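> Have a peek at model07.cif (mmCIF, C-alpha atoms).
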```
data_query
loop_
_atom_site.label_atom_id
_atom_site.label_comp_id
_atom_site.auth_asym_id
_atom_site.auth_seq_id
_atom_site.Cartn_x
_atom_site.Cartn_y
_atom_site.Cartn_z
CA MET V 1 0.00 0.00 0.00
CA LYS V 2 1.08 3.57 -0.66
CA ILE V 3 1.00 5.95 2.30
CA LEU V 4 1.18 9.69 1.69
CA VAL V 5 2.79 11.78 4.45
CA VAL V 6 1.85 15.47 4.26
CA ASP V 7 3.79 17.94 6.39
CA ASP V 8 5.53 21.23 5.66
CA SER V 9 8.40 20.12 7.88
CA LYS V 10 10.86 17.82 6.13
CA ALA V 11 12.10 16.75 9.57
CA MET V 12 8.63 15.67 10.62
CA ARG V 13 8.01 13.79 7.37
CA MET V 14 11.21 11.85 8.03
CA ILE V 15 10.18 11.09 11.61
CA VAL V 16 6.73 9.89 10.53
CA ILE V 17 8.21 7.63 7.84
CA ARG V 18 10.80 6.31 10.29
CA THR V 19 8.08 5.62 12.86
CA LEU V 20 6.00 3.77 10.26
CA LYS V 21 8.95 1.44 9.72
CA GLN V 22 9.49 1.03 13.47
CA ALA V 23 5.81 0.16 13.85
CA GLY V 24 6.22 -2.66 11.35
CA PHE V 25 4.73 -1.06 8.26
CA ASP V 26 7.99 -1.22 6.36
CA ASP V 27 6.40 -3.01 3.41
CA CYS V 28 4.38 0.12 2.61
CA VAL V 29 5.56 2.59 0.00
CA THR V 30 5.75 6.09 1.44
CA LEU V 31 5.11 9.23 -0.55
CA GLU V 32 5.70 12.81 0.63
CA ALA V 33 4.09 16.19 0.12
CA SER V 34 5.11 19.44 1.75
CA SER V 35 1.72 21.14 1.52
CA GLY V 36 -1.95 20.45 1.00
CA VAL V 37 -1.72 21.74 -2.54
CA GLU V 38 1.17 19.44 -3.36
CA ALA V 39 -0.69 16.59 -1.68
CA LEU V 40 -3.62 16.98 -4.06
CA GLU V 41 -1.25 16.56 -7.01
CA VAL V 42 0.37 13.46 -5.49
CA ILE V 43 -3.00 11.95 -4.61
CA ALA V 44 -4.29 12.42 -8.17
CA LYS V 45 -1.18 10.82 -9.63
CA GLU V 46 -0.32 8.09 -7.13
CA ARG V 47 -3.68 7.22 -5.52
CA PRO V 48 -2.34 6.34 -2.04
CA GLY V 49 -4.29 3.99 0.19
CA LEU V 50 -3.79 6.12 3.31
CA ILE V 51 -3.06 9.79 3.94
CA LEU V 52 -1.28 11.01 7.09
CA SER V 53 -1.40 14.78 7.32
CA ASP V 54 -0.25 17.57 9.58
CA TRP V 55 -2.97 19.99 10.68
CA ASN V 56 -1.19 23.33 10.58
CA MET V 57 0.43 24.06 7.23
CA PRO V 58 0.84 27.13 5.05
CA GLU V 59 -1.24 27.46 1.86
CA MET V 60 -3.75 24.76 2.72
CA LYS V 61 -4.36 23.37 6.20
CA GLY V 62 -4.72 19.64 6.67
CA ILE V 63 -8.40 19.99 7.52
CA ASP V 64 -8.98 21.89 4.27
CA LEU V 65 -7.17 19.16 2.36
CA LEU V 66 -9.47 16.56 3.92
CA LYS V 67 -12.60 18.61 3.16
CA LYS V 68 -11.47 19.12 -0.43
CA LEU V 69 -10.91 15.38 -0.91
CA ARG V 70 -14.31 14.47 0.52
CA ALA V 71 -16.03 17.17 -1.52
CA ASP V 72 -14.44 15.65 -4.61
CA GLY V 73 -15.71 12.21 -3.66
CA ASN V 74 -12.32 10.88 -2.58
CA GLU V 75 -12.83 8.57 0.43
CA THR V 76 -9.19 7.56 0.97
CA PRO V 77 -8.63 6.86 4.69
CA PHE V 78 -7.20 10.01 6.24
CA GLY V 79 -5.58 10.63 9.64
CA PHE V 80 -3.98 13.61 11.28
CA ILE V 81 -0.55 13.61 12.88
CA THR V 82 -0.33 16.93 14.59
CA SER V 83 0.78 19.01 17.53
CA GLU V 84 -2.80 20.20 17.82
CA SER V 85 -4.78 18.60 20.58
CA GLY V 86 -8.11 19.08 22.27
CA GLU V 87 -11.67 17.93 21.98
CA ASP V 88 -12.57 20.70 19.55
CA ILE V 89 -9.89 19.61 17.09
CA ALA V 90 -10.92 15.97 17.42
CA ASN V 91 -14.55 16.86 16.73
CA ILE V 92 -13.73 18.98 13.68
CA ALA V 93 -11.51 16.22 12.30
CA SER V 94 -14.06 13.50 12.91
CA GLU V 95 -16.91 15.48 11.37
CA ALA V 96 -14.81 16.07 8.26
CA GLY V 97 -14.17 12.34 7.92
CA ALA V 98 -10.80 11.74 9.59
CA LYS V 99 -10.23 8.23 10.89
CA PHE V 100 -7.95 9.29 13.74
CA ILE V 101 -5.72 11.92 15.25
CA VAL V 102 -2.24 11.12 16.54
CA THR V 103 -0.84 13.89 18.69
CA LYS V 104 2.86 14.70 18.70
CA PRO V 105 4.93 13.45 20.40
CA PHE V 106 3.97 9.95 19.30
CA THR V 107 5.47 6.48 19.52
CA ALA V 108 5.69 3.51 17.19
CA GLN V 109 3.28 1.74 19.54
CA LYS V 110 0.71 4.50 18.98
CA PHE V 111 1.15 4.23 15.22
CA GLY V 112 0.61 0.48 15.46
CA ASP V 113 -2.53 0.90 17.52
CA VAL V 114 -4.26 3.32 15.15
CA LEU V 115 -2.95 2.06 11.81
CA THR V 116 -3.22 -1.71 12.20
CA PRO V 117 -7.03 -1.77 11.92
CA ILE V 118 -6.82 0.38 8.78
CA LEU V 119 -3.92 -1.35 7.07
CA ALA V 120 -4.85 -4.93 8.01
CA MET Z 1 -4.82 28.17 33.67
CA ASN Z 2 -1.08 28.51 33.93
CA ILE Z 3 1.86 26.30 33.21
CA ASP Z 4 4.82 26.40 35.56
CA SER Z 5 8.45 25.78 34.79
CA GLU Z 6 8.29 22.23 36.05
CA GLN Z 7 5.44 21.36 33.67
CA LEU Z 8 7.22 23.07 30.80
CA ALA Z 9 10.39 21.09 31.53
CA GLU Z 10 8.45 17.84 31.71
CA LEU Z 11 6.70 18.27 28.39
CA THR Z 12 9.96 19.38 26.74
CA ARG Z 13 11.71 16.28 28.04
CA ASN Z 14 8.78 14.20 26.78
CA VAL Z 15 8.95 15.70 23.29
CA CYS Z 16 12.72 15.12 23.04
CA GLN Z 17 12.54 11.60 24.43
CA ALA Z 18 9.49 10.36 22.53
CA MET Z 19 10.24 11.91 19.16
CA LEU Z 20 14.01 11.91 19.09
CA GLY Z 21 15.17 9.44 21.71
CA LEU Z 22 17.15 12.26 23.33
CA ASP Z 23 17.53 12.34 27.08
CA ILE Z 24 18.04 15.97 28.00
CA THR Z 25 19.19 17.07 31.43
CA PRO Z 26 18.33 20.28 33.25
CA SER Z 27 20.97 22.98 33.05
CA PRO Z 28 21.57 25.51 35.82
CA SER Z 29 22.06 28.47 33.53
CA PRO Z 30 21.37 29.38 29.91
CA ALA Z 31 24.15 30.13 27.48
CA SER Z 32 24.20 33.74 26.41
CA SER Z 33 25.20 34.13 22.82
CA GLU Z 34 24.17 36.18 19.84
CA THR Z 35 24.43 33.07 17.71
CA GLN Z 36 21.50 31.34 19.37
CA LEU Z 37 18.71 30.17 17.11
CA THR Z 38 15.21 31.03 18.25
CA SER Z 39 11.98 29.54 16.92
CA LYS Z 40 8.68 30.91 18.12
CA VAL Z 41 5.06 29.76 18.04
CA CYS Z 42 2.12 31.79 19.26
CA ILE Z 43 -1.11 30.72 20.91
CA SER Z 44 -3.94 33.16 20.38
CA GLY Z 45 -7.58 33.30 21.41
CA GLN Z 46 -8.81 32.61 24.91
CA TRP Z 47 -5.14 32.43 25.90
CA ASN Z 48 -2.40 34.54 24.37
CA ARG Z 49 0.99 33.01 24.86
CA THR Z 50 4.31 32.74 23.07
CA ILE Z 51 6.61 29.74 23.22
CA GLU Z 52 10.22 30.38 22.29
CA VAL Z 53 12.72 27.58 21.80
CA VAL Z 54 16.22 29.01 22.03
CA ALA Z 55 19.05 26.73 21.00
CA SER Z 56 22.78 27.28 21.05
CA PRO Z 57 24.55 26.27 17.82
CA GLU Z 58 25.61 22.95 19.36
CA ALA Z 59 22.15 22.12 20.64
CA ALA Z 60 20.43 23.15 17.40
CA ARG Z 61 22.83 21.03 15.35
CA CYS Z 62 22.27 18.07 17.67
CA LEU Z 63 18.49 18.32 17.29
CA ALA Z 64 18.76 18.47 13.50
CA ALA Z 65 21.28 15.64 13.27
CA THR Z 66 19.05 13.44 15.41
CA MET Z 67 15.89 14.26 13.46
CA PHE Z 68 17.50 13.70 10.08
CA CYS Z 69 19.70 10.77 11.20
CA MET Z 70 22.78 12.57 9.94
CA ASP Z 71 26.21 13.36 11.23
CA PRO Z 72 26.07 16.74 13.01
CA SER Z 73 28.73 18.10 10.67
CA GLU Z 74 26.56 17.36 7.63
CA VAL Z 75 23.29 19.11 8.53
CA ALA Z 76 22.48 22.24 6.55
CA ALA Z 77 21.21 25.53 7.94
CA GLY Z 78 17.70 24.90 6.61
CA GLU Z 79 17.56 21.51 8.30
CA ILE Z 80 18.67 23.06 11.60
CA GLU Z 81 15.93 25.69 11.39
CA ASP Z 82 13.37 23.03 10.46
CA ALA Z 83 14.36 20.86 13.42
CA VAL Z 84 14.27 23.65 16.02
CA SER Z 85 10.97 24.89 14.57
CA GLU Z 86 9.42 21.45 14.79
CA VAL Z 87 10.45 21.19 18.45
CA ALA Z 88 8.81 24.58 19.05
CA ASN Z 89 5.71 23.41 17.20
CA MET Z 90 5.38 20.25 19.28
CA ILE Z 91 5.92 22.05 22.58
CA GLY Z 92 3.47 24.77 21.51
CA GLY Z 93 0.84 22.20 20.64
CA ASN Z 94 1.25 20.53 24.01
CA VAL Z 95 1.03 23.86 25.84
CA LYS Z 96 -2.12 24.72 23.89
CA GLY Z 97 -3.63 21.38 24.87
CA ILE Z 98 -2.90 21.99 28.55
CA LEU Z 99 -4.27 25.55 28.46
CA GLY Z 100 -7.47 24.39 26.79
CA GLY Z 101 -10.14 26.81 25.63
CA ASP Z 102 -10.71 28.22 22.18
CA CYS Z 103 -7.23 28.98 20.86
CA GLU Z 104 -5.23 28.79 17.66
CA LEU Z 105 -1.62 27.74 17.25
CA SER Z 106 0.52 29.63 14.76
CA LEU Z 107 3.05 28.12 12.44
CA PRO Z 108 6.57 28.26 13.87
CA SER Z 109 8.80 31.11 12.80
CA ILE Z 110 12.52 31.65 13.10
CA GLU Z 111 13.31 34.86 14.93
CA SER Z 112 16.31 37.02 14.28
CA PRO Z 113 18.16 37.96 17.49
CA SER Z 114 16.88 41.53 17.25
CA ASN Z 115 13.26 40.34 17.35
CA VAL Z 116 13.60 38.13 20.41
CA THR Z 117 11.86 39.74 23.34
CA VAL Z 118 14.56 39.10 25.89
CA GLU Z 119 13.24 41.82 28.14
CA THR Z 120 9.94 40.04 28.69
CA GLU Z 121 9.97 38.02 31.89
CA PRO Z 122 8.74 34.54 31.05
CA ILE Z 123 5.84 32.84 32.78
CA ALA Z 124 7.83 29.64 32.78
CA LYS Z 125 11.31 28.65 31.71
CA ALA Z 126 13.11 25.36 31.23
CA THR Z 127 16.80 25.02 30.40
CA PHE Z 128 18.68 21.90 29.37
CA ASP Z 129 22.16 20.76 28.48
CA LEU Z 130 22.27 19.22 25.03
CA ASP Z 131 25.42 18.02 23.34
CA ASN Z 132 27.66 20.58 25.05
CA GLY Z 133 25.15 23.28 24.19
CA VAL Z 134 22.03 24.69 25.76
CA LEU Z 135 18.38 24.33 24.85
CA GLN Z 136 16.01 26.76 26.52
CA VAL Z 137 12.22 26.89 26.33
CA LEU Z 138 10.39 30.04 27.38
CA LEU Z 139 6.66 30.54 27.86
CA LYS Z 140 5.63 34.19 27.75
CA HIS Z 141 2.56 36.38 27.63
CA SER Z 142 1.91 37.74 24.16
#
```
Please express what this file holds, its structure, as structure tokens.


Amino acid sequence: MKILVVDDSKAMRMIVIRTLKQAGFDDCVTLEASSGVEALEVIAKERPGLILSDWNMPEMKGIDLLKKLRADGNETPFGFITSESGEDIANIASEAGAKFIVTKPFTAQKFGDVLTPILA
Amino acid sequence: MNIDSEQLAELTRNVCQAMLGLDITPSPSPASSETQLTSKVCISGQWNRTIEVVASPEAARCLAATMFCMDPSEVAAGEIEDAVSEVANMIGGNVKGILGGDCELSLPSIESPSNVTVETEPIAKATFDLDNGVLQVLLKHS
């Protein structure tokens, strides 16, 4: 399966990809995008099976990326990996169609817990 | 709702340990240098706070090298700024979560030394030794 990691921080994209491997998902192909806009291009071209996105990004926030995908009829499983926390954020994400939110800092164990049901 | 220096230190340690595998130890005094790198995030809304992560060159390089799995001598300036900014972002997000309420978290920004509000007394402060350098986290009113 292809997994798209969307984050404006190259460092964080690397950490997410590294953590995916540590969590045992090293047979997945990882793709990267540095913004929501770039993500839309990668999604159209590569059709990933899962999207992991930051919340706070310049140009297009993660939540706007998710809303755009759903408005276009794209139902690819989508989760947030973000520093943002709180019930309000969780509610907004869930209502928009997100499968989960992983709050930074995270662990490989946390990745395993939330991703195994989706990737199994 | 306030966050004290002990809480700030704990969540900073947690970010460095969980995300980077770095065990950082409290430092008695911050390094004073014009070459420090400062990344700032702002919380605005019900609470208005600024979180500044101030790293000496050694500490900043260590953070970047750890994040990018590179030799410290090989990391570029952009990677160092990215790494320190991401640490600020994670700490800011955690502070926002503790404060609660209706708030927004800004994107991190790198501050030039002239823009750093050194005269503002912080609400909380945590200072650590990191790879023969110093990493300091300041929580301020904004």

> Hey, can you check how far CA of Ala98 in chain V sits from CA of Gly79 in chain V?

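The value is 5.3 Å.
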
> Translate the PyMOL selection byres ((chain V and resi 118) around 9) into a concrete residue list for this structure, as a PyMOL selection string.

chain V and resi 50+77+99+114-117+119-120

> Quick check, in Å to one decimal: how far apart do CA of Leu135 in chain Z and CA of Val16 in chain V lie?

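A separation of 23.4 Å between them.
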
> Please report as an MDAnalysis selection string which residues of chain Z come no farther than 9 Å from chain V, using all atoms listed in the file.

chainID Z and resid 14:20 64 67:68 79 82:83 85:86 89:94 96:98 100:102 104:107

> How many Å lie between CA of Ser53 in chain V and CA of Arg13 in chain Z, rounded to one decimal?

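For CA of Ser53 in chain V relative to CA of Arg13 in chain Z, the distance reads 24.6 Å.
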